[in-house]
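J.: One structure is given below, represented as structure tokens, and several questions about it will come after.
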Amino acid sequence: MKISTKGRYALRLMLDLALYGNGEALSLREVSGRQDISEKYLEQIVTHLTRANLVRSVRGAGGGYLLTRAPEAYTVGEILRALEGTLAPVSCVDGTVCCERAETCVTIDVWQEIQDAVSGVVDHITLADLVARHGEKLAAHTARAQSAPPE
């Protein structure tokens, strides 16, 4: 399983809205500048997020996009699935296609374990967790930069 660029950028977009939105709509131009992602590409991504009711748009002056819920109410899994669809490694564990060997197949157990492991991670990390991790990484980076000897 490989997460596409759209999935990765969707997570970055949602994190940016959580970090900088503060209840206010953010333009894709702002997000594009901070995240170094094409504004046109963000437009494609935000369409999926809007359809999934993860963000909403605000029209007019000062318009843009904002989260529909508090950051702690989103999981990384739901954000990724809005862009990627299923995160299953093979179709026989996502419930869509199953072959005639499924009942006796030993490898399906491996695929199911992989599916369970991935879901166990992405469905237990919230957008609020990512906001907190961002703060920790930023603080650690700042501390390292301040303690580095001058060049």
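The chains in the structure tokens are called A, B, ... from first to last as shown; in each chain the residues are counted from 1, and the ligands are counted from 1 in the order shown.
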Just list the residues in chain A DSSP gives alpha helix (DSSP H) on the backbone, as a ChimeraX atom specification.
T.: /A:5-20,28-35,39-51,76-84,107-122,127-147
J.: Can you tell me, as an MDAnalysis selection string, what residues are no more than 9 Å from A:Leu42 when counting only C-alpha atoms, ignoring any on the same chain fewer than 3 positions away?
T.: chainID A and resid 6 9:10 13 28 31:32 37:39 45:47
J.: Can you pull out every residue from chain A that DSSP, working from the backbone, puts in strand (DSSP E or B), and format the result as number ranges by chain?
T.: A: 26, 55-58, 64-67, 75, 126
J.: Would you mind exporting C-alpha atoms of the selected residues as a PDB file, in the first residue's frame?
T.:
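Heads up, here's the output in result.pdb:
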```pdb
ATOM      1  CA  LEU A  26      -8.024  30.278   5.014  1.00  0.00           C
ATOM      2  CA  VAL A  55     -13.965  21.095   5.301  1.00  0.00           C
ATOM      3  CA  ARG A  56     -16.404  23.757   4.219  1.00  0.00           C
ATOM      4  CA  SER A  57     -15.958  26.714   1.953  1.00  0.00           C
ATOM      5  CA  VAL A  58     -16.716  30.330   2.738  1.00  0.00           C
ATOM      6  CA  GLY A  64     -11.575  30.225   1.940  1.00  0.00           C
ATOM      7  CA  TYR A  65     -11.810  26.906   3.741  1.00  0.00           C
ATOM      8  CA  LEU A  66     -12.174  25.841   7.314  1.00  0.00           C
ATOM      9  CA  LEU A  67     -12.577  22.665   9.296  1.00  0.00           C
ATOM     10  CA  THR A  75      -8.576  10.928  12.415  1.00  0.00           C
ATOM     11  CA  THR A 126      -6.134  12.682  15.386  1.00  0.00           C
TER      12      THR A 126
END
```
J.: Contacts of A:Ile79 at 10 Å or less, counting only C-alpha atoms, minus same-chain residues fewer than 6 places along, as a ChimeraX atom specification?
T.: /A:7-8,10-11,14,48-49,52,54,85,122-123,126-127
J.: If we count only C-alpha atoms, what is near A:Glu30 at a cut-off of 10 Å, once residues fewer than 3 positions away on the same chain are taken out, given as a count of residues only?
T.: 10
J.: Contacts of A:Trp111 at 10 Å or less, counting only C-alpha atoms, minus same-chain residues fewer than 3 places along, as a list in words?
T.: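 Once the nearby chain positions are removed, what remains is Ala88, Pro89, Val90, Ser91, Cys92, Val93, Asp94, Val106, Thr107, Ile108, Ile114, Gln115, Asp116 and Ala117 of chain A.
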J.: Selected residues, C-alpha atoms, written as a tab-separated table (two decimals), in the first residue's frame, please.
T.:
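The result, written out as again_22.tsv:
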```
chain	number	residue	atom	x	y	z
A	88	ALA	CA	-6.55	-2.19	2.28
A	89	PRO	CA	-3.42	-3.76	0.79
A	90	VAL	CA	-5.47	-6.11	-1.41
A	91	SER	CA	-9.10	-6.20	-2.54
A	92	CYS	CA	-9.96	-9.41	-0.72
A	93	VAL	CA	-9.79	-7.66	2.67
A	94	ASP	CA	-11.67	-4.49	1.76
A	106	VAL	CA	-3.86	-18.66	4.24
A	107	THR	CA	-2.43	-15.46	2.80
A	108	ILE	CA	-5.68	-13.57	3.33
A	114	ILE	CA	-1.63	-5.67	7.54
A	115	GLN	CA	-5.02	-3.97	7.12
A	116	ASP	CA	-5.65	-4.11	10.87
A	117	ALA	CA	-2.17	-2.71	11.65
```
J.: Can you work out which one of A:His124, A:Lys40, A:Lys2, A:Arg12 has the shortest atom-to-atom distance to A:Ala73, counting only C-alpha atoms?
T.: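 Among A:His124, A:Lys40, A:Lys2, A:Arg12, it is A:His124 that comes nearest to A:Ala73.
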J.: Figure out the distance between atom CA of A:Val121 and atom CA of A:Gly21, please, to one decimal in Å.
T.: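 Taking atom CA of A:Gly21 as the start and atom CA of A:Val121 as the end point, the length is 25.8 Å.
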J.: Could you list, as a list in words, every residue within 12 Å of A:Ala128, counting only C-alpha atoms and ignoring same-chain residues fewer than 6 positions away?
T.: Met14, Leu15, Asp16, Leu17, Ala18, Leu19, Arg69, Ala70, Pro71, Glu72, Ala73, Tyr74, Thr75, Val76, His134 and Gly135 of chain A
J.: Keeping only C-alpha atoms, write those residues as a PDB file, in the first residue's frame.
T.:
```pdb
ATOM      1  CA  MET A  14      -5.987  19.721   7.002  1.00  0.00           C
ATOM      2  CA  LEU A  15      -3.075  20.240   9.398  1.00  0.00           C
ATOM      3  CA  ASP A  16      -2.534  23.745   8.024  1.00  0.00           C
ATOM      4  CA  LEU A  17      -6.218  24.592   8.555  1.00  0.00           C
ATOM      5  CA  ALA A  18      -5.976  23.277  12.123  1.00  0.00           C
ATOM      6  CA  LEU A  19      -2.755  25.187  12.853  1.00  0.00           C
ATOM      7  CA  ARG A  69     -15.179  20.022  13.370  1.00  0.00           C
ATOM      8  CA  ALA A  70     -12.593  20.435  16.088  1.00  0.00           C
ATOM      9  CA  PRO A  71      -9.169  18.906  15.247  1.00  0.00           C
ATOM     10  CA  GLU A  72      -9.614  16.189  17.864  1.00  0.00           C
ATOM     11  CA  ALA A  73     -12.699  14.952  15.995  1.00  0.00           C
ATOM     12  CA  TYR A  74     -10.733  13.991  12.856  1.00  0.00           C
ATOM     13  CA  THR A  75      -8.576  10.928  12.415  1.00  0.00           C
ATOM     14  CA  VAL A  76      -5.748  10.587   9.950  1.00  0.00           C
ATOM     15  CA  HIS A 134       4.033  19.929  15.071  1.00  0.00           C
ATOM     16  CA  GLY A 135       4.504  22.113  18.138  1.00  0.00           C
TER      17      GLY A 135
END
```
J.: Would you compute the distance between atom CA of A:Cys99 and atom CA of A:Leu83? Give it in Å to one decimal.
T.: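 Going from atom CA of A:Cys99 over to atom CA of A:Leu83 covers 26.4 Å.
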J.: Quick one, how far is atom CA of A:Ile125 from atom CA of A:Leu80?
T.: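 Here the two named atoms are 11.8 Å from each other.
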